[in-house]
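Heads up: the structure comes next, in structure tokens.
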Number of protein chains: 2
Amino acid sequence: MISAIQMEALLKYMSSHIQLSPEEEAFLLSKVFVRKYLKGQYIVQQGDVCKYECFVLSGCTKMFYVDDEGQEHIIMFSIEDWWTSDMGSFITQTPADFNIQCLENTVLVMFSYDVIEELYANIPKLERFFRQIIERAFVASQKRIVRNFALTAKDRYLYFRKQYPKIEQRIPQYMIASYLGITKEFLSKVKSQLILEQ
Amino acid sequence: MISAIQMEALLKYMSSHIQLSPEEEAFLLSKVFVRKYLKGQYIVQQGDVCKYECFVLSGCTKMFYVDDEGQEHIIMFSIEDWWTSDMGSFITQTPADFNIQCLENTVLVMFSYDVIEELYANIPKLERFFRQIIERAFVASQKRIVRNFALTAKDRYLYFRKQYPKIEQRIPQYMIASYLGITKEFLSKVKSQLILEQ
DNA sequence: AAATAAGGTTAATCTAGTTTAACATTTACT
DNA sequence: AGTAAATGTTAAACTAGATTAACCTTATTT
């Protein structure tokens with residue numbers, strides 16, 4: 001279900017945030033499993049219930065919403081050592097508003113709803129850990145709302161490039177445009193202006 | 001520090017989400033205090049450390065960011081039975097990016113950083129409760145990002161009006177415009193178009 | 001009741017970003 | 001290597017929403 005190398009990667013991530021006893025680590029590992037997806041495959045589709053919170057061991061995903069006009073709006077990317085799920089769907093176990101799709105071949109550790117609840121019940125430290133992760137994600141989300149209001153497209157792009165240099169390398173430009181809330185054509189224009197400036 | 005009526009209001013809210021024993025309730029109440037603010041007063045100012053998570057017993061607040069041009073961007077409003085704090089500042093105990101100001105005379109139950117930690121340590125149910133609150137806030141924040149991308153100003157306004165009819169009544173229109181990410185002039189135009197339509 | 005301040009409206013002008021469409025470049029596949 | 005598909009660029013025409021500025025309406029204060 002989960003190889004020694006994968007276990008190690010997950011525990012290494014965990015231990016950089018909380019200290020688990022060997023028993024707690026073993027308990028955690030006994031409850032989760034690993035799943036591999038190919039580039040292009042969907043982890044969650046709009047309308048399905050999101051059954052897992054997924055920890056990314058390797059690869060890259062995008063979470064996005066498709067609006068009434070069929071336009072895609074990218075909410076977030078996830079790479080190694082980050083999480084992905086439609087949390088709204090997961091916590092209520094109702095149909096998802098968002099899609100999650102792999103932009104590369106991707107390996108995930110899958111935490112089901114019941115497993116998460118069991119882990120919270122048995123290892124209070126883990127509930128604390130997840131609370132803190134979500135707190136940070138919420139803060140980041142609020143700050144993104146403000147940036148979208150207060151900054152121009154150019155400054156949002158510069159911020160993204162500075163904040164997520166690793167992600168920019170791996171992802172087609174038209175998806176970055178979608179994440180920034182602008183068209184690919186306009187991002188292209190912004191980039192050519194930036195080149196002229198320096 | 002906290003009156004019987006105020007205690008009752010806080011416990012009523014709590015009990016609609018979690019079940020606390022009388023001892024746990026008493027412990028909680030012994031750790032918090034109530035503070036009253038007048039209309040216009042600041043609970044948190046950009047640059048200060050946010051020392052409390054505040055539960056709103058009565059009144060109304062706005063949280064906002066002031067950008068380099070001096071423009072105000074409203075992130076959220078809080079009314080009765082909701083929480084307010086600059087969570088980014090609170091969880092790291094570093095200077096706040098945002099301001100929180102009272103739009104009416106406001107009565108708050110104040111949870112300091114140390115008290116929150118103590119409550120988490122002594123009442124695991126409370127940590128669970130706060131985790132769930134933040135999960136929901138995060139989901140709402142992500143959905144707001146998507147709405148800001150996918151909807152026109154008019155549709156964002158209609159959504160706001162439908163979702164928060166009570167808040168709309170209490171708040172000047174120019175602040176709703178700021179929350180929606182548009183100018184007061186444009187919101188005025190949107191509203192007059194809506195009147196013509198029906 | 002007048003005066004002031006705070007909030008809201010209207011309209012003309014302007015601009016950041018969109019749309020459309022044609023073309024260029026890179027990547028992946030046989 | 002050659003072709004198709006995916007990604008990126010450029011430029012002209014357009015639009016949602018911003019800006020400016022003048023005016024109107026409603027509360028609040030004296």
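Here, A, B, ... name the chains of the structure tokens in the order displayed, residue numbers run from 1 inside each chain, and ligands are numbered from 1 in the same displayed order.
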(request) Find the residues near range 106-121 of chain A: any atom within 8 Å, counting only C-alpha atoms (C1' of nucleotides), skip ones fewer than 5 places away on the same chain, and give them as a ChimeraX atom specification. (result) /A:28,31-39,51-61,90-91,126-127
Any chance you can output those residues with N, CA, C and O atoms as an mmCIF file, in the first residue's frame?
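File produced: result07.cif:
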data_model
loop_
_atom_site.group_PDB
_atom_site.id
_atom_site.type_symbol
_atom_site.label_atom_id
_atom_site.label_comp_id
_atom_site.auth_asym_id
_atom_site.auth_seq_id
_atom_site.Cartn_x
_atom_site.Cartn_y
_atom_site.Cartn_z
ATOM 1 N N LEU A 28 -0.574 5.848 11.986
ATOM 2 C CA LEU A 28 -0.861 6.688 10.828
ATOM 3 C C LEU A 28 -0.607 5.911 9.530
ATOM 4 O O LEU A 28 -1.468 5.860 8.653
ATOM 5 N N LYS A 31 -3.071 3.427 8.242
ATOM 6 C CA LYS A 31 -4.401 3.914 7.865
ATOM 7 C C LYS A 31 -4.465 4.526 6.470
ATOM 8 O O LYS A 31 -5.551 4.763 5.950
ATOM 9 N N VAL A 32 -3.324 4.851 5.903
ATOM 10 C CA VAL A 32 -3.333 5.556 4.626
ATOM 11 C C VAL A 32 -2.840 4.640 3.509
ATOM 12 O O VAL A 32 -2.320 3.562 3.770
ATOM 13 N N PHE A 33 -3.058 5.087 2.279
ATOM 14 C CA PHE A 33 -2.487 4.330 1.156
ATOM 15 C C PHE A 33 -2.020 5.303 0.074
ATOM 16 O O PHE A 33 -2.363 6.486 0.109
ATOM 17 N N VAL A 34 -1.234 4.756 -0.836
ATOM 18 C CA VAL A 34 -0.653 5.586 -1.890
ATOM 19 C C VAL A 34 -1.376 5.302 -3.198
ATOM 20 O O VAL A 34 -1.745 4.158 -3.467
ATOM 21 N N ARG A 35 -1.582 6.335 -3.967
ATOM 22 C CA ARG A 35 -2.196 6.137 -5.273
ATOM 23 C C ARG A 35 -1.449 6.956 -6.316
ATOM 24 O O ARG A 35 -1.050 8.096 -6.057
ATOM 25 N N LYS A 36 -1.275 6.347 -7.494
ATOM 26 C CA LYS A 36 -0.551 7.026 -8.570
ATOM 27 C C LYS A 36 -1.534 7.446 -9.660
ATOM 28 O O LYS A 36 -2.413 6.670 -10.033
ATOM 29 N N TYR A 37 -1.344 8.649 -10.157
ATOM 30 C CA TYR A 37 -2.154 9.163 -11.252
ATOM 31 C C TYR A 37 -1.244 9.545 -12.406
ATOM 32 O O TYR A 37 -0.116 10.003 -12.191
ATOM 33 N N LEU A 38 -1.758 9.397 -13.620
ATOM 34 C CA LEU A 38 -1.025 9.849 -14.787
ATOM 35 C C LEU A 38 -1.385 11.293 -15.090
ATOM 36 O O LEU A 38 -2.468 11.775 -14.710
ATOM 37 N N LYS A 39 -0.482 11.953 -15.776
ATOM 38 C CA LYS A 39 -0.739 13.312 -16.267
ATOM 39 C C LYS A 39 -2.093 13.363 -16.975
ATOM 40 O O LYS A 39 -2.378 12.497 -17.826
ATOM 41 N N LYS A 51 -13.510 12.351 -1.634
ATOM 42 C CA LYS A 51 -13.432 11.340 -0.575
ATOM 43 C C LYS A 51 -12.111 11.353 0.187
ATOM 44 O O LYS A 51 -11.974 10.683 1.216
ATOM 45 N N TYR A 52 -11.118 12.089 -0.313
ATOM 46 C CA TYR A 52 -9.787 12.050 0.292
ATOM 47 C C TYR A 52 -9.167 13.436 0.421
ATOM 48 O O TYR A 52 -9.374 14.291 -0.440
ATOM 49 N N GLU A 53 -8.395 13.594 1.473
ATOM 50 C CA GLU A 53 -7.407 14.665 1.489
ATOM 51 C C GLU A 53 -6.113 14.011 1.050
ATOM 52 O O GLU A 53 -5.738 12.946 1.542
ATOM 53 N N CYS A 54 -5.432 14.648 0.089
ATOM 54 C CA CYS A 54 -4.286 14.007 -0.557
ATOM 55 C C CYS A 54 -3.010 14.788 -0.273
ATOM 56 O O CYS A 54 -2.961 16.003 -0.486
ATOM 57 N N PHE A 55 -2.004 14.057 0.176
ATOM 58 C CA PHE A 55 -0.675 14.641 0.365
ATOM 59 C C PHE A 55 0.164 14.300 -0.860
ATOM 60 O O PHE A 55 0.242 13.138 -1.255
ATOM 61 N N VAL A 56 0.777 15.320 -1.453
ATOM 62 C CA VAL A 56 1.511 15.118 -2.706
ATOM 63 C C VAL A 56 2.938 14.654 -2.413
ATOM 64 O O VAL A 56 3.732 15.398 -1.832
ATOM 65 N N LEU A 57 3.252 13.417 -2.788
ATOM 66 C CA LEU A 57 4.621 12.894 -2.654
ATOM 67 C C LEU A 57 5.479 13.343 -3.829
ATOM 68 O O LEU A 57 6.635 13.698 -3.664
ATOM 69 N N SER A 58 4.882 13.323 -5.026
ATOM 70 C CA SER A 58 5.586 13.833 -6.204
ATOM 71 C C SER A 58 4.559 14.168 -7.269
ATOM 72 O O SER A 58 3.447 13.648 -7.256
ATOM 73 N N GLY A 59 4.948 15.063 -8.172
ATOM 74 C CA GLY A 59 4.044 15.469 -9.237
ATOM 75 C C GLY A 59 3.457 16.841 -8.975
ATOM 76 O O GLY A 59 3.969 17.604 -8.152
ATOM 77 N N CYS A 60 2.357 17.133 -9.661
ATOM 78 C CA CYS A 60 1.789 18.477 -9.624
ATOM 79 C C CYS A 60 0.320 18.413 -10.032
ATOM 80 O O CYS A 60 -0.025 17.707 -10.986
ATOM 81 N N THR A 61 -0.513 19.135 -9.304
ATOM 82 C CA THR A 61 -1.948 19.152 -9.619
ATOM 83 C C THR A 61 -2.454 20.591 -9.717
ATOM 84 O O THR A 61 -1.849 21.503 -9.172
ATOM 85 N N PHE A 90 -15.117 17.791 0.915
ATOM 86 C CA PHE A 90 -14.591 16.794 1.853
ATOM 87 C C PHE A 90 -15.243 16.915 3.238
ATOM 88 O O PHE A 90 -15.711 15.915 3.789
ATOM 89 N N ILE A 91 -15.285 18.118 3.777
ATOM 90 C CA ILE A 91 -15.777 18.250 5.158
ATOM 91 C C ILE A 91 -17.283 18.027 5.262
ATOM 92 O O ILE A 91 -17.774 17.655 6.315
ATOM 93 N N LEU A 126 -2.287 15.437 15.916
ATOM 94 C CA LEU A 126 -2.556 15.526 14.479
ATOM 95 C C LEU A 126 -3.679 16.507 14.183
ATOM 96 O O LEU A 126 -3.651 17.212 13.176
ATOM 97 N N GLU A 127 -4.662 16.546 15.073
ATOM 98 C CA GLU A 127 -5.733 17.521 14.879
ATOM 99 C C GLU A 127 -5.156 18.925 14.985
ATOM 100 O O GLU A 127 -5.495 19.805 14.185
#
(request) Tell me the residues of chain B close to chain A, meaning within 6 Å using only C-alpha atoms, as a list of chain:residue names. (result) B:Gly88, B:Arg131, B:Phe138, B:Val139, B:Phe149, B:Gly181
For chain A versus chain C, which residues have an atom no more than 12 Å away, and what is each residue's nearest atom pair and distance in Å rounded to one decimal, using only C-alpha atoms (C1' of nucleotides), chain-then-number order, as CSV?
residue,atom,partner,partner_atom,distance
A:Leu151,CA,C:DA16,C1',11.6
A:Thr152,CA,C:DA16,C1',8.3
A:Ala153,CA,C:DG17,C1',8.6
A:Lys154,CA,C:DA16,C1',10.5
A:Pro172,CA,C:DT26,C1',11.7
A:Gly181,CA,C:DG17,C1',10.3
A:Ile182,CA,C:DG17,C1',7.5
A:Thr183,CA,C:DT18,C1',7.5
A:Lys184,CA,C:DT18,C1',10.4
A:Glu185,CA,C:DT18,C1',9.0
A:Phe186,CA,C:DG17,C1',7.0
A:Leu187,CA,C:DG17,C1',9.9
A:Lys189,CA,C:DG17,C1',10.5
A:Val190,CA,C:DG17,C1',10.6
(request) Report as a PyMOL selection string: the residues of range 8-189 of chain B with a DSSP assignment of helix (DSSP H, G or I), based on the backbone of this structure. (result) chain B and resi 8-15+22-31+87-92+113-122+124-150+153-163+165-170+173-180+184-189
Per residue of chain D within 9 Å of chain A, which atom pair is closest and at what distance in Å (one decimal), using only C-alpha atoms (C1' of nucleotides), listed by chain and increasing number, as a Markdown table?
| residue | atom | partner | partner_atom | distance |
| --- | --- | --- | --- | --- |
| D:DT7 | C1' | A:Pro172 | CA | 7.3 |
| D:DG8 | C1' | A:Ser188 | CA | 7.6 |
| D:DT9 | C1' | A:Ser188 | CA | 6.9 |
| D:DT10 | C1' | A:Lys189 | CA | 8.6 |
(request) Grab the CA of Tyr164 in chain A to CA of Cys102 in chain A distance for me, in Å with one decimal place. (result)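 CA of Cys102 in chain A lies 18.0 Å from CA of Tyr164 in chain A.
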(request) Check range 71-170 of chain A with DSSP on the backbone and list each residue it calls strand (DSSP E or B), as a PyMOL selection string. (result) chain A and resi 72-78+83-84+95+99-102+106-112
